[in-house]
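**Student:** Please find run-v2.tsv (TSV, C-alpha atoms and all ligand atoms) on the next line:
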chain	number	residue	atom	x	y	z
A	1	MET	CA	22.66	-3.96	31.20
A	2	SER	CA	19.20	-3.37	29.92
A	3	GLU	CA	17.21	-0.25	30.62
A	4	PRO	CA	14.02	-0.86	32.66
A	5	ALA	CA	11.06	-0.55	30.33
A	6	ILE	CA	7.59	-0.43	31.79
A	7	LEU	CA	4.90	-1.80	29.50
A	8	ARG	CA	1.47	-0.28	29.60
A	9	PRO	CA	-1.31	-1.99	27.64
A	10	LEU	CA	-3.78	0.75	26.76
A	11	PRO	CA	-7.44	-0.14	27.25
A	12	GLU	CA	-8.25	3.19	25.64
A	13	VAL	CA	-5.90	5.45	23.70
A	14	THR	CA	-5.99	9.02	25.07
A	15	ALA	CA	-4.89	12.11	23.15
A	16	ALA	CA	-1.67	12.11	25.24
A	17	ASP	CA	-0.99	8.45	24.37
A	18	ALA	CA	-1.56	9.19	20.69
A	19	ALA	CA	0.81	12.17	20.88
A	20	ALA	CA	3.51	9.93	22.44
A	21	TRP	CA	2.87	7.30	19.76
A	22	HIS	CA	3.21	9.92	17.06
A	23	ARG	CA	6.48	11.28	18.47
A	24	ILE	CA	8.08	7.81	18.59
A	25	VAL	CA	6.88	6.73	15.14
A	26	ALA	CA	7.96	10.05	13.60
A	27	ALA	CA	11.45	9.71	15.16
A	28	SER	CA	11.72	6.06	14.11
A	29	THR	CA	10.60	6.81	10.53
A	30	ALA	CA	12.95	9.79	10.17
A	31	HIS	CA	15.83	7.60	11.42
A	32	ASP	CA	15.29	4.54	9.24
A	33	LEU	CA	13.22	5.76	6.30
A	34	PRO	CA	14.37	9.25	5.35
A	35	GLY	CA	12.19	9.30	2.18
A	36	VAL	CA	9.02	8.33	4.01
A	37	LEU	CA	6.69	10.98	5.35
A	38	PRO	CA	5.29	10.20	8.81
A	39	PRO	CA	1.53	10.59	9.18
A	40	ASP	CA	0.38	13.86	10.76
A	41	PRO	CA	-0.66	13.76	14.44
A	42	GLU	CA	-4.37	14.07	13.62
A	43	GLN	CA	-4.15	11.10	11.27
A	44	THR	CA	-2.41	9.08	13.99
A	45	LEU	CA	-5.08	9.97	16.56
A	46	ALA	CA	-7.83	8.97	14.10
A	47	ARG	CA	-6.14	5.68	13.26
A	48	LEU	CA	-5.58	4.74	16.90
A	49	THR	CA	-9.03	5.69	18.14
A	50	LYS	CA	-11.50	5.10	15.28
A	51	PRO	CA	-12.79	1.62	14.47
A	52	ALA	CA	-11.16	-0.25	11.58
A	53	LEU	CA	-12.97	-2.60	9.22
A	54	ASP	CA	-13.72	-6.00	10.76
A	55	SER	CA	-10.91	-5.75	13.28
A	56	HIS	CA	-9.97	-4.35	16.65
A	57	ARG	CA	-6.67	-3.06	17.98
A	58	LEU	CA	-4.61	-3.67	21.10
A	59	THR	CA	-2.02	-1.03	21.94
A	60	TRP	CA	1.00	-0.89	24.25
A	61	LEU	CA	3.38	1.87	25.28
A	62	ALA	CA	6.77	1.10	26.82
A	63	ALA	CA	8.28	3.80	29.04
A	64	GLY	CA	11.77	4.21	30.40
A	65	ALA	CA	12.51	4.47	34.14
A	66	ASP	CA	11.61	8.17	34.02
A	67	GLY	CA	8.11	7.35	32.71
A	68	VAL	CA	8.73	8.85	29.26
A	69	PRO	CA	7.40	6.58	26.46
A	70	VAL	CA	10.17	5.09	24.28
A	71	GLY	CA	8.42	2.32	22.36
A	72	VAL	CA	5.01	1.47	20.93
A	73	ALA	CA	3.29	-1.66	19.72
A	74	GLY	CA	-0.07	-1.94	18.00
A	75	LEU	CA	-1.76	-5.20	17.17
A	76	ARG	CA	-4.61	-5.44	14.68
A	77	LEU	CA	-6.76	-8.51	15.23
A	78	PHE	CA	-8.89	-9.38	12.22
A	79	ALA	CA	-12.41	-10.63	12.87
A	80	SER	CA	-13.80	-11.67	9.50
A	81	PRO	CA	-14.14	-15.41	8.79
A	82	GLY	CA	-11.16	-16.38	6.64
A	83	ARG	CA	-8.87	-13.95	8.40
A	84	ASP	CA	-9.59	-14.56	12.09
A	85	HIS	CA	-6.36	-16.55	12.45
A	86	LEU	CA	-4.28	-13.46	11.71
A	87	ALA	CA	-2.84	-10.51	13.62
A	88	GLU	CA	-0.81	-7.61	12.23
A	89	LEU	CA	1.87	-5.87	14.24
A	90	GLU	CA	3.25	-2.35	14.19
A	91	LEU	CA	6.32	-1.91	16.41
A	92	HIS	CA	8.63	1.08	16.87
A	93	VAL	CA	11.29	1.98	19.40
A	94	ASP	CA	12.69	5.50	19.67
A	95	PRO	CA	16.11	5.42	17.92
A	96	ALA	CA	17.76	6.85	21.07
A	97	HIS	CA	16.56	3.86	23.13
A	98	ARG	CA	17.23	0.86	20.90
A	99	ARG	CA	19.21	-2.32	21.57
A	100	LEU	CA	18.10	-2.25	25.20
A	101	GLY	CA	15.47	-4.96	24.97
A	102	THR	CA	12.39	-2.71	24.65
A	103	GLY	CA	11.39	-4.11	21.24
A	104	SER	CA	11.72	-7.65	22.59
A	105	ARG	CA	9.60	-6.89	25.63
A	106	LEU	CA	6.87	-5.33	23.52
A	107	LEU	CA	7.00	-8.35	21.20
A	108	ALA	CA	6.66	-10.75	24.15
A	109	ALA	CA	3.46	-8.93	25.24
A	110	VAL	CA	2.17	-9.03	21.65
A	111	VAL	CA	2.86	-12.76	21.25
A	112	ALA	CA	1.11	-13.48	24.57
A	113	ALA	CA	-1.90	-11.50	23.35
A	114	CYS	CA	-1.90	-13.42	20.04
A	115	ARG	CA	-2.01	-16.66	21.98
A	116	ALA	CA	-4.78	-15.43	24.25
A	117	GLU	CA	-6.75	-14.35	21.16
A	118	GLY	CA	-6.17	-17.67	19.37
A	119	ARG	CA	-4.07	-16.22	16.50
A	120	ARG	CA	-1.74	-18.61	14.71
A	121	SER	CA	-0.03	-16.03	12.45
A	122	LEU	CA	1.54	-12.71	13.30
A	123	ILE	CA	2.70	-10.52	10.42
A	124	VAL	CA	4.74	-7.33	10.36
A	125	GLU	CA	6.21	-5.10	7.63
A	126	ALA	CA	9.79	-3.87	7.94
A	127	ALA	CA	12.17	-1.96	5.69
A	128	ALA	CA	14.46	-4.32	3.76
A	129	ALA	CA	17.99	-4.32	5.21
A	130	GLY	CA	16.92	-2.13	8.16
A	131	PRO	CA	16.95	-2.80	11.91
A	132	GLY	CA	13.41	-4.21	11.77
A	133	GLU	CA	14.62	-6.96	9.43
A	134	ALA	CA	17.50	-7.88	11.76
A	135	PHE	CA	15.14	-7.85	14.74
A	136	CYS	CA	12.54	-10.05	13.03
A	137	GLU	CA	15.16	-12.58	11.94
A	138	GLN	CA	16.52	-12.75	15.50
A	139	ARG	CA	13.07	-13.19	16.99
A	140	GLY	CA	11.88	-16.18	14.95
A	141	PHE	CA	9.97	-14.49	12.13
A	142	ARG	CA	10.48	-15.71	8.57
A	143	ARG	CA	10.49	-13.68	5.35
A	144	ALA	CA	7.18	-14.22	3.58
A	145	LEU	CA	6.91	-11.51	0.92
A	146	THR	CA	9.00	-8.69	-0.58
A	147	LEU	CA	7.20	-5.52	-1.58
A	148	ASP	CA	8.52	-2.99	-4.10
A	149	HIS	CA	7.27	0.48	-3.24
A	150	LEU	CA	7.04	2.75	-6.26
A	151	LEU	CA	6.56	6.48	-6.53
A	152	LEU	CA	5.01	8.47	-9.36
A	153	ARG	CA	5.65	12.21	-9.61
A	154	LEU	CA	2.64	13.60	-11.43
A	155	ASP	CA	4.75	16.40	-12.93
A	156	ASP	CA	6.72	13.73	-14.81
A	157	VAL	CA	3.61	12.49	-16.64
A	158	ALA	CA	3.06	14.19	-20.00
A	159	GLU	CA	-0.55	15.31	-20.45
A	160	ALA	CA	-0.64	14.04	-24.05
A	161	ASP	CA	0.42	10.52	-22.97
A	162	LEU	CA	-2.19	10.49	-20.25
A	163	VAL	CA	-5.00	11.60	-22.56
A	164	LYS	CA	-4.00	8.94	-25.07
A	165	LEU	CA	-4.13	6.17	-22.45
A	166	ALA	CA	-7.25	7.40	-20.67
A	167	ASP	CA	-9.19	8.05	-23.90
A	168	ALA	CA	-8.17	4.78	-25.57
A	169	GLU	CA	-11.12	2.83	-26.97
A	170	HIS	CA	-12.03	-0.36	-25.09
A	171	PRO	CA	-15.04	-1.70	-27.01
A	172	GLY	CA	-17.65	-3.17	-24.71
A	173	TYR	CA	-16.42	-1.22	-21.68
A	174	ARG	CA	-16.99	2.25	-20.25
A	175	LEU	CA	-15.46	4.16	-17.35
A	176	THR	CA	-17.23	5.42	-14.26
A	177	GLY	CA	-16.02	6.91	-11.00
A	178	TRP	CA	-17.09	8.09	-7.56
A	179	THR	CA	-15.82	9.62	-4.32
A	180	GLY	CA	-16.38	7.87	-0.97
A	181	ALA	CA	-19.15	5.26	-0.85
A	182	VAL	CA	-20.01	3.44	-4.07
A	183	PRO	CA	-23.36	4.52	-5.58
A	184	ASP	CA	-26.14	2.08	-4.65
A	185	ASP	CA	-26.72	0.91	-8.24
A	186	LEU	CA	-23.07	-0.22	-8.51
A	187	ALA	CA	-22.63	-1.68	-5.02
A	188	ASP	CA	-23.27	-5.35	-5.90
A	189	ALA	CA	-21.03	-5.18	-8.98
A	190	PHE	CA	-18.30	-3.45	-6.97
A	191	ALA	CA	-18.42	-6.08	-4.19
A	192	ALA	CA	-18.08	-8.82	-6.82
A	193	ALA	CA	-15.06	-7.06	-8.37
A	194	LYS	CA	-13.45	-6.64	-4.92
A	195	ASN	CA	-13.33	-10.41	-4.61
A	196	ALA	CA	-10.88	-10.36	-7.55
A	197	MET	CA	-8.26	-8.99	-5.11
A	198	ASN	CA	-8.23	-12.34	-3.34
A	199	ASP	CA	-5.84	-13.78	-5.92
A	200	MET	CA	-3.30	-11.00	-5.38
A	201	PRO	CA	0.19	-12.52	-4.92
A	202	VAL	CA	1.02	-12.73	-1.20
A	203	GLY	CA	4.14	-14.90	-1.25
A	204	ASP	CA	4.28	-17.20	1.78
A	205	LEU	CA	2.04	-15.04	3.93
A	206	ASP	CA	-0.74	-16.91	5.71
A	207	PHE	CA	-3.01	-14.03	4.71
A	208	GLY	CA	-6.35	-15.82	4.29
A	209	SER	CA	-9.05	-14.07	2.29
A	210	VAL	CA	-12.22	-12.11	2.85
A	211	ALA	CA	-15.51	-12.35	1.03
A	212	TRP	CA	-16.86	-8.98	-0.08
A	213	ASP	CA	-20.54	-8.18	-0.20
A	214	THR	CA	-22.49	-4.93	-0.37
A	215	ALA	CA	-22.55	-4.49	3.41
A	216	ARG	CA	-18.78	-4.84	3.64
A	217	VAL	CA	-18.20	-2.38	0.81
A	218	HIS	CA	-20.36	0.19	2.61
A	219	ALA	CA	-18.70	-0.54	5.97
A	220	MET	CA	-15.26	0.07	4.46
A	221	ALA	CA	-16.36	3.41	2.97
A	222	LYS	CA	-17.66	4.45	6.39
A	223	VAL	CA	-14.40	3.54	8.15
A	224	VAL	CA	-12.41	5.64	5.68
A	225	ALA	CA	-14.79	8.61	5.97
A	226	ASP	CA	-14.83	8.41	9.80
A	227	ARG	CA	-11.02	8.68	9.79
A	228	GLY	CA	-11.33	11.84	7.70
A	229	ASP	CA	-9.67	10.30	4.64
A	230	THR	CA	-11.04	10.49	1.08
A	231	LEU	CA	-11.25	7.49	-1.23
A	232	LEU	CA	-11.47	8.02	-5.00
A	233	THR	CA	-12.48	5.15	-7.28
A	234	ILE	CA	-12.47	4.71	-11.06
A	235	ALA	CA	-14.04	1.56	-12.48
A	236	ALA	CA	-14.46	-0.08	-15.88
A	237	LEU	CA	-17.97	-1.42	-16.50
A	238	HIS	CA	-18.71	-4.08	-19.08
A	239	ASP	CA	-21.82	-3.72	-21.27
A	240	ASP	CA	-23.37	-6.68	-19.42
A	241	GLY	CA	-23.22	-4.71	-16.13
A	242	THR	CA	-20.20	-6.53	-14.68
A	243	MET	CA	-17.59	-4.36	-13.03
A	244	ALA	CA	-14.51	-5.58	-14.90
A	245	GLY	CA	-11.91	-3.66	-12.93
A	246	TYR	CA	-11.33	-0.71	-10.64
A	247	THR	CA	-8.63	1.35	-8.99
A	248	GLU	CA	-8.68	3.29	-5.70
A	249	ILE	CA	-6.62	6.22	-4.41
A	250	LEU	CA	-6.64	7.25	-0.77
A	251	ILE	CA	-6.13	10.92	0.03
A	252	PRO	CA	-5.27	11.07	3.74
A	253	ARG	CA	-6.91	13.72	5.93
A	254	GLY	CA	-5.09	17.02	5.73
A	255	ALA	CA	-4.68	16.52	1.95
A	256	PRO	CA	-0.90	15.99	1.86
A	257	PRO	CA	0.85	16.18	-1.52
A	258	ARG	CA	1.61	12.42	-1.46
A	259	VAL	CA	-1.36	10.06	-1.73
A	260	GLN	CA	-1.62	6.30	-1.48
A	261	GLN	CA	-2.66	3.78	-4.08
A	262	TYR	CA	-5.16	1.32	-2.60
A	263	ASP	CA	-6.56	-1.60	-4.63
A	264	THR	CA	-6.27	-2.01	-8.35
A	265	ALA	CA	-7.94	-5.17	-9.65
A	266	VAL	CA	-9.22	-6.60	-12.91
A	267	VAL	CA	-11.51	-9.60	-12.54
A	268	PRO	CA	-10.05	-12.78	-14.08
A	269	GLU	CA	-12.46	-13.03	-17.06
A	270	HIS	CA	-11.60	-9.48	-18.15
A	271	ARG	CA	-7.81	-9.64	-17.89
A	272	GLY	CA	-5.54	-9.14	-20.91
A	273	HIS	CA	-7.50	-6.17	-22.39
A	274	GLY	CA	-5.43	-3.32	-20.93
A	275	LEU	CA	-8.13	-2.41	-18.42
A	276	GLY	CA	-5.68	-2.01	-15.51
A	277	LEU	CA	-3.67	0.61	-17.39
A	278	TRP	CA	-6.88	2.28	-18.56
A	279	VAL	CA	-8.47	2.76	-15.11
A	280	LYS	CA	-5.17	3.92	-13.61
A	281	ALA	CA	-4.57	6.45	-16.41
A	282	ALA	CA	-8.12	7.75	-15.96
A	283	MET	CA	-7.44	8.10	-12.23
A	284	LEU	CA	-4.29	10.16	-12.89
A	285	ARG	CA	-6.26	12.45	-15.17
A	286	ARG	CA	-8.96	12.83	-12.53
A	287	LEU	CA	-6.41	13.59	-9.80
A	288	ARG	CA	-4.83	16.26	-11.97
A	289	ALA	CA	-8.20	17.87	-12.66
A	290	GLU	CA	-9.80	17.58	-9.21
A	291	HIS	CA	-6.84	17.56	-6.80
A	292	PRO	CA	-4.12	19.75	-8.30
A	293	ASP	CA	-2.27	19.85	-4.94
A	294	VAL	CA	-1.50	16.13	-5.18
A	295	THR	CA	2.02	15.77	-6.58
A	296	GLU	CA	2.97	12.14	-5.82
A	297	ILE	CA	1.43	8.69	-5.57
A	298	GLU	CA	2.99	5.82	-3.64
A	299	THR	CA	2.10	2.23	-4.38
A	300	ASP	CA	3.48	-1.15	-3.35
A	301	ASN	CA	3.46	-4.41	-5.24
A	302	ALA	CA	4.71	-7.89	-4.47
A	303	ASP	CA	8.04	-8.13	-6.28
A	304	ASP	CA	6.67	-11.03	-8.38
A	305	ASN	CA	3.46	-9.24	-9.39
A	306	VAL	CA	4.75	-8.75	-12.93
A	307	HIS	CA	1.51	-7.50	-14.51
A	308	MET	CA	0.87	-4.78	-11.95
A	309	LEU	CA	4.51	-3.73	-11.96
A	310	ALA	CA	4.40	-3.47	-15.78
A	311	VAL	CA	1.30	-1.26	-15.62
A	312	ASN	CA	2.92	0.97	-13.02
A	313	HIS	CA	6.17	1.27	-14.96
A	314	ALA	CA	4.21	2.16	-18.12
A	315	LEU	CA	2.58	5.03	-16.20
A	316	GLY	CA	5.95	6.33	-14.98
A	317	PHE	CA	6.12	4.89	-11.43
A	318	ARG	CA	9.75	4.44	-10.35
A	319	PRO	CA	11.32	2.30	-7.56
A	320	HIS	CA	11.30	4.12	-4.25
A	321	ARG	CA	12.04	1.63	-1.48
A	322	ARG	CA	11.65	-2.01	-0.56
A	323	THR	CA	9.98	-3.63	2.44
A	324	ARG	CA	9.38	-7.18	3.54
A	325	GLU	CA	6.47	-8.85	5.24
A	326	PHE	CA	7.66	-11.15	8.00
A	327	GLN	CA	5.55	-13.83	9.57
A	328	LEU	CA	5.78	-15.47	12.97
A	329	ASP	CA	4.01	-18.78	13.40
A	330	VAL	CA	2.79	-18.07	16.92
A	331	PRO	CA	4.16	-20.67	19.35
A	332	THR	CA	1.35	-22.45	21.15
A	333	SER	CA	3.11	-22.38	24.51
A	401	LIG	C1	12.95	-3.23	15.23
A	401	LIG	C2	12.95	-2.41	16.53
A	401	LIG	C3	11.52	-2.31	17.04
A	401	LIG	C4	13.85	-3.13	17.57
A	401	LIG	O1	13.75	-2.47	18.82
A	401	LIG	P1	14.89	-2.64	19.96
A	401	LIG	O2	14.33	-2.13	21.23
A	401	LIG	O3	16.16	-2.09	19.48
A	401	LIG	O4	15.00	-4.25	20.01
A	401	LIG	P2	15.81	-5.14	21.06
A	401	LIG	O5	16.75	-4.30	21.86
A	401	LIG	O6	14.83	-5.93	21.83
A	401	LIG	O7	16.66	-6.09	20.07
A	401	LIG	C5	16.60	-7.48	20.15
A	401	LIG	C6	17.57	-8.12	19.20
A	401	LIG	O8	17.21	-7.86	17.84
A	401	LIG	C7	18.41	-7.74	17.03
A	401	LIG	N1	18.53	-6.37	16.52
A	401	LIG	C8	17.75	-5.30	16.82
A	401	LIG	N2	18.16	-4.22	16.12
A	401	LIG	C9	19.21	-4.59	15.38
A	401	LIG	C10	20.06	-3.92	14.45
A	401	LIG	N3	19.91	-2.62	14.18
A	401	LIG	N4	21.07	-4.64	13.86
A	401	LIG	C11	21.24	-5.95	14.13
A	401	LIG	N5	20.47	-6.65	15.02
A	401	LIG	C12	19.46	-5.97	15.63
A	401	LIG	C13	19.56	-8.03	17.98
A	401	LIG	O9	19.80	-9.41	17.98
A	401	LIG	C14	18.97	-7.59	19.32
A	401	LIG	O10	19.63	-8.18	20.43
A	401	LIG	P3	21.04	-7.57	20.97
A	401	LIG	O11	20.85	-6.08	21.07
A	401	LIG	O12	21.21	-8.24	22.29
A	401	LIG	O13	22.07	-7.91	19.93
A	401	LIG	C15	13.55	-0.99	16.28
A	401	LIG	O14	14.80	-1.08	15.65
A	401	LIG	C16	12.66	-0.12	15.41
A	401	LIG	O15	11.81	0.61	15.92
A	401	LIG	N6	12.85	-0.18	14.08
A	401	LIG	C17	12.05	0.56	13.12
A	401	LIG	C18	10.62	0.06	13.06
A	401	LIG	C19	10.50	-1.33	12.45
A	401	LIG	O16	11.23	-1.73	11.57
A	401	LIG	N7	9.46	-2.04	12.93
A	401	LIG	C20	9.08	-3.30	12.32
A	401	LIG	C21	9.92	-4.46	12.68
A	401	LIG	S1	9.41	-5.29	14.11
Translate the structure described by the file into structure tokens.

**Tutor:**
Amino acid sequence: MSEPAILRPLPEVTAADAAAWHRIVAASTAHDLPGVLPPDPEQTLARLTKPALDSHRLTWLAAGADGVPVGVAGLRLFASPGRDHLAELELHVDPAHRRLGTGSRLLAAVVAACRAEGRRSLIVEAAAAGPGEAFCEQRGFRRALTLDHLLLRLDDVAEADLVKLADAEHPGYRLTGWTGAVPDDLADAFAAAKNAMNDMPVGDLDFGSVAWDTARVHAMAKVVADRGDTLLTIAALHDDGTMAGYTEILIPRGAPPRVQQYDTAVVPEHRGHGLGLWVKAAMLRRLRAEHPDVTEIETDNADDNVHMLAVNHALGFRPHRRTREFQLDVPTS
């Protein structure tokens, strides 16, 4: 016998909807991912209600017969050329209400929306060996990529080691850094360097690619600032003005002790000179100096991204957990 679940697509997410979303995701995360900190309610509200870069969201709540929400689904529909075939799913059911068909009903609504929006690929991230993996495999998704999540405890990094790495000579290159939007005089060079992320390993994901230009770089900085998050960047500049590489750290609103690694990229012509390790070491030193309350950094890498994993291990990142990206090739009828 399945429990009646009423699906409610949300044309607009209210504060009450966001609070219900937060409660379900926090319960689901605590149940399946004990080491993972759920976002705070303000962060959730900002993420559900503020615009994202080049994409819009559809949101559903599923409620039990008593009207109390028990499941949530969010669908991010990308709009940029090169990624407008793709949709990304977030799906959680309250642990007390699982195995009653709610996840399947939410997924059916999501797949119908993908079809209506002309999306051929639906992707979702789930903890390896968790219920999400079992659900995806039952519902026609295939494994497309395995991600190793690593954690660095800043207290474990010796200051002397950090200084040595961050102060190492790299003839022909110098470091620069900024908070939030890139300074105007570096915007073109930064957009060009961002395109280097397009060769990041993505396994069998039908991920497409996006072309970065100055307008997109500024739009992304605005999206992050509007959510109340802070983005720190350190970049290596070549003498000829090229931005050879960069690394980004996101400090979520509310300044929690654990922050998130965003991009790290070195453009192909400048690889093999230790620039990835250099910019990341400089970022750690900056975090220590400017954000002493930050104690941990989480990052994730494709399990076959050997160069990035080597850099992270050299800095002291250690395995934390493993997730997989699943992909559904959306049925046409
Ligand atoms: C994945 C999730 C959304 C499933 O929600 P749900 O309401 O329990 O899903 P359903 O009841 O529709 O399950 C459908 C089928 O998936 C499979 N399944 C779901 N959970 C499973 C589990 N823990 N172990 C094995 N199979 C499972 C079963 O075949 C199930 O059918 P059955 O109960 O008749 O055997 C829920 O477990 C969850 O919130 N997990 C954490 C978040 C997550 O991983 N999200 C991303 C993945 S989509």

**Student:** My list of candidates is A:Pro39, A:Pro95, A:Pro131, A:Gly74. Which is closest to ligand LIG 401 (chain A) when distances are computed with all atoms listed in the file?

**Tutor:** A:Pro131

**Student:** Neighbouring residues of ligand LIG 401 (chain A) are defined here as those with any atom at most 6 Å from a ligand atom, counting all atoms listed in the file; list them as a ChimeraX atom specification.

**Tutor:** /A:28,91-93,98-104,125-127,131-132,134-136,138

**Student:** Nearest to Ala96 (chain A): which of A:Gly316, A:Leu7, A:Gly64, A:Asp206 is it, counting only C-alpha atoms?

**Tutor:** A:Gly64

**Student:** Looking at all atoms listed in the file, which of A:Lys194, A:His313, A:Arg119, A:Arg286 is the one that sits closest to Asn301 (chain A)?

**Tutor:**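 The answer is A:His313, which sits nearest to Asn301 (chain A).
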
**Student:** Pick out the closest residue to Tyr173 (chain A) from this set: A:Arg271, A:Arg321, A:His238, A:Arg139. Count all atoms listed in the file.

**Tutor:**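 Once distances to Tyr173 (chain A) are computed over all atoms listed in the file, the minimum belongs to A:His238.
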
**Student:** Report, in Å with one decimal, the straight-line distance from CA of His270 (chain A) to CA of Glu325 (chain A).

**Tutor:**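 That distance, rounded to one decimal, is 29.6 Å.
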
**Student:** Every residue with an atom at most 7 Å from (-0.9, -13.3, 12.6) (file coordinates; all atoms listed in the file) is what I'm after, so could you write them as JSON, numbers by chain?

**Tutor:** {"A": [85, 86, 87, 88, 119, 120, 121, 122, 123]}

**Student:** Could you please determine the separation between CA of Asp300 (chain A) and CA of His31 (chain A) in Å, to one decimal place?

**Tutor:**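 Distance between the two atoms: 21.1 Å.
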
**Student:** Between A:Val224, A:Ala166, A:Leu145, A:Ala128, which has the minimum distance to Gln43 (chain A) (counting all atoms listed in the file)?

**Tutor:**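 Closest candidate: A:Val224.
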
**Student:** Tell me, as a VMD selection string, which residues lie within 9 Å of Leu75 (chain A), counting all atoms listed in the file; anything in the same chain fewer than 6 positions away does not count.

**Tutor:** chain A and resid 56 to 60 87 to 91 110 113 to 114

**Student:** Would you kindly return, as a list in words, each protein, DNA or RNA residue with an atom no farther than 9 Å from any atom of Val311 (chain A), considering only C-alpha atoms and excluding same-chain residues fewer than 6 positions away?

**Tutor:**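 Final neighbour list, sorted by chain and number: Gly274, Gly276, Leu277, Lys280 and Phe317 of chain A.
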
**Student:** Could you check the closest approach to Thr264 (chain A) for each of A:Pro252, A:Gly245, A:Pro81, A:Gly67 and tell me which residue wins, using all atoms listed in the file?

**Tutor:**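 Ranked by minimum distance to Thr264 (chain A), first place goes to A:Gly245.
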
**Student:** If you count only C-alpha atoms, which residues fall within 12 Å of Thr233 (chain A), apart from same-chain ones fewer than 5 positions away, as a PyMOL selection string?

**Tutor:** chain A and resi 175-183+186+190+221+245-251+261-265+279-280+282-284+286-287

**Student:** Quick one: residues within 9 Å of Thr242 (chain A), only C-alpha atoms, excluding same-chain residues fewer than 4 positions away - as JSON, numbers by chain?

**Tutor:** {"A": [189, 190, 192, 193, 236, 237, 238]}

**Student:** One decimal, in Å: what's the spacing between CA of Val259 (chain A) and CA of Ile297 (chain A)?

**Tutor:** 4.9 Å

**Student:** Which residues come within 9 Å of Arg153 (chain A), counting only C-alpha atoms, excluding same-chain residues fewer than 2 positions away, as a PDB file with C-alpha atoms, in the frame of the given file?

**Tutor:**
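Wrote it out as around.pdb, contents follow:
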ATOM      1  CA  LEU A 151       6.560   6.480  -6.530  1.00  0.00           C
ATOM      2  CA  ASP A 155       4.750  16.400 -12.930  1.00  0.00           C
ATOM      3  CA  ASP A 156       6.720  13.730 -14.810  1.00  0.00           C
ATOM      4  CA  VAL A 157       3.610  12.490 -16.640  1.00  0.00           C
ATOM      5  CA  THR A 295       2.020  15.770  -6.580  1.00  0.00           C
ATOM      6  CA  GLU A 296       2.970  12.140  -5.820  1.00  0.00           C
ATOM      7  CA  ILE A 297       1.430   8.690  -5.570  1.00  0.00           C
ATOM      8  CA  GLY A 316       5.950   6.330 -14.980  1.00  0.00           C
ATOM      9  CA  PHE A 317       6.120   4.890 -11.430  1.00  0.00           C
ATOM     10  CA  ARG A 318       9.750   4.440 -10.350  1.00  0.00           C
TER      11      ARG A 318
END

**Student:** So that all listed atoms of region 148-154 of chain A fit with 8 Å spare on each side, what axis-aligned box centre and edge lengths in Å, to one decimal, would you give as JSON?

**Tutor:**
{"center_x": 5.6, "center_y": 5.3, "center_z": -7.3, "size_x": 21.9, "size_y": 32.6, "size_z": 24.2}
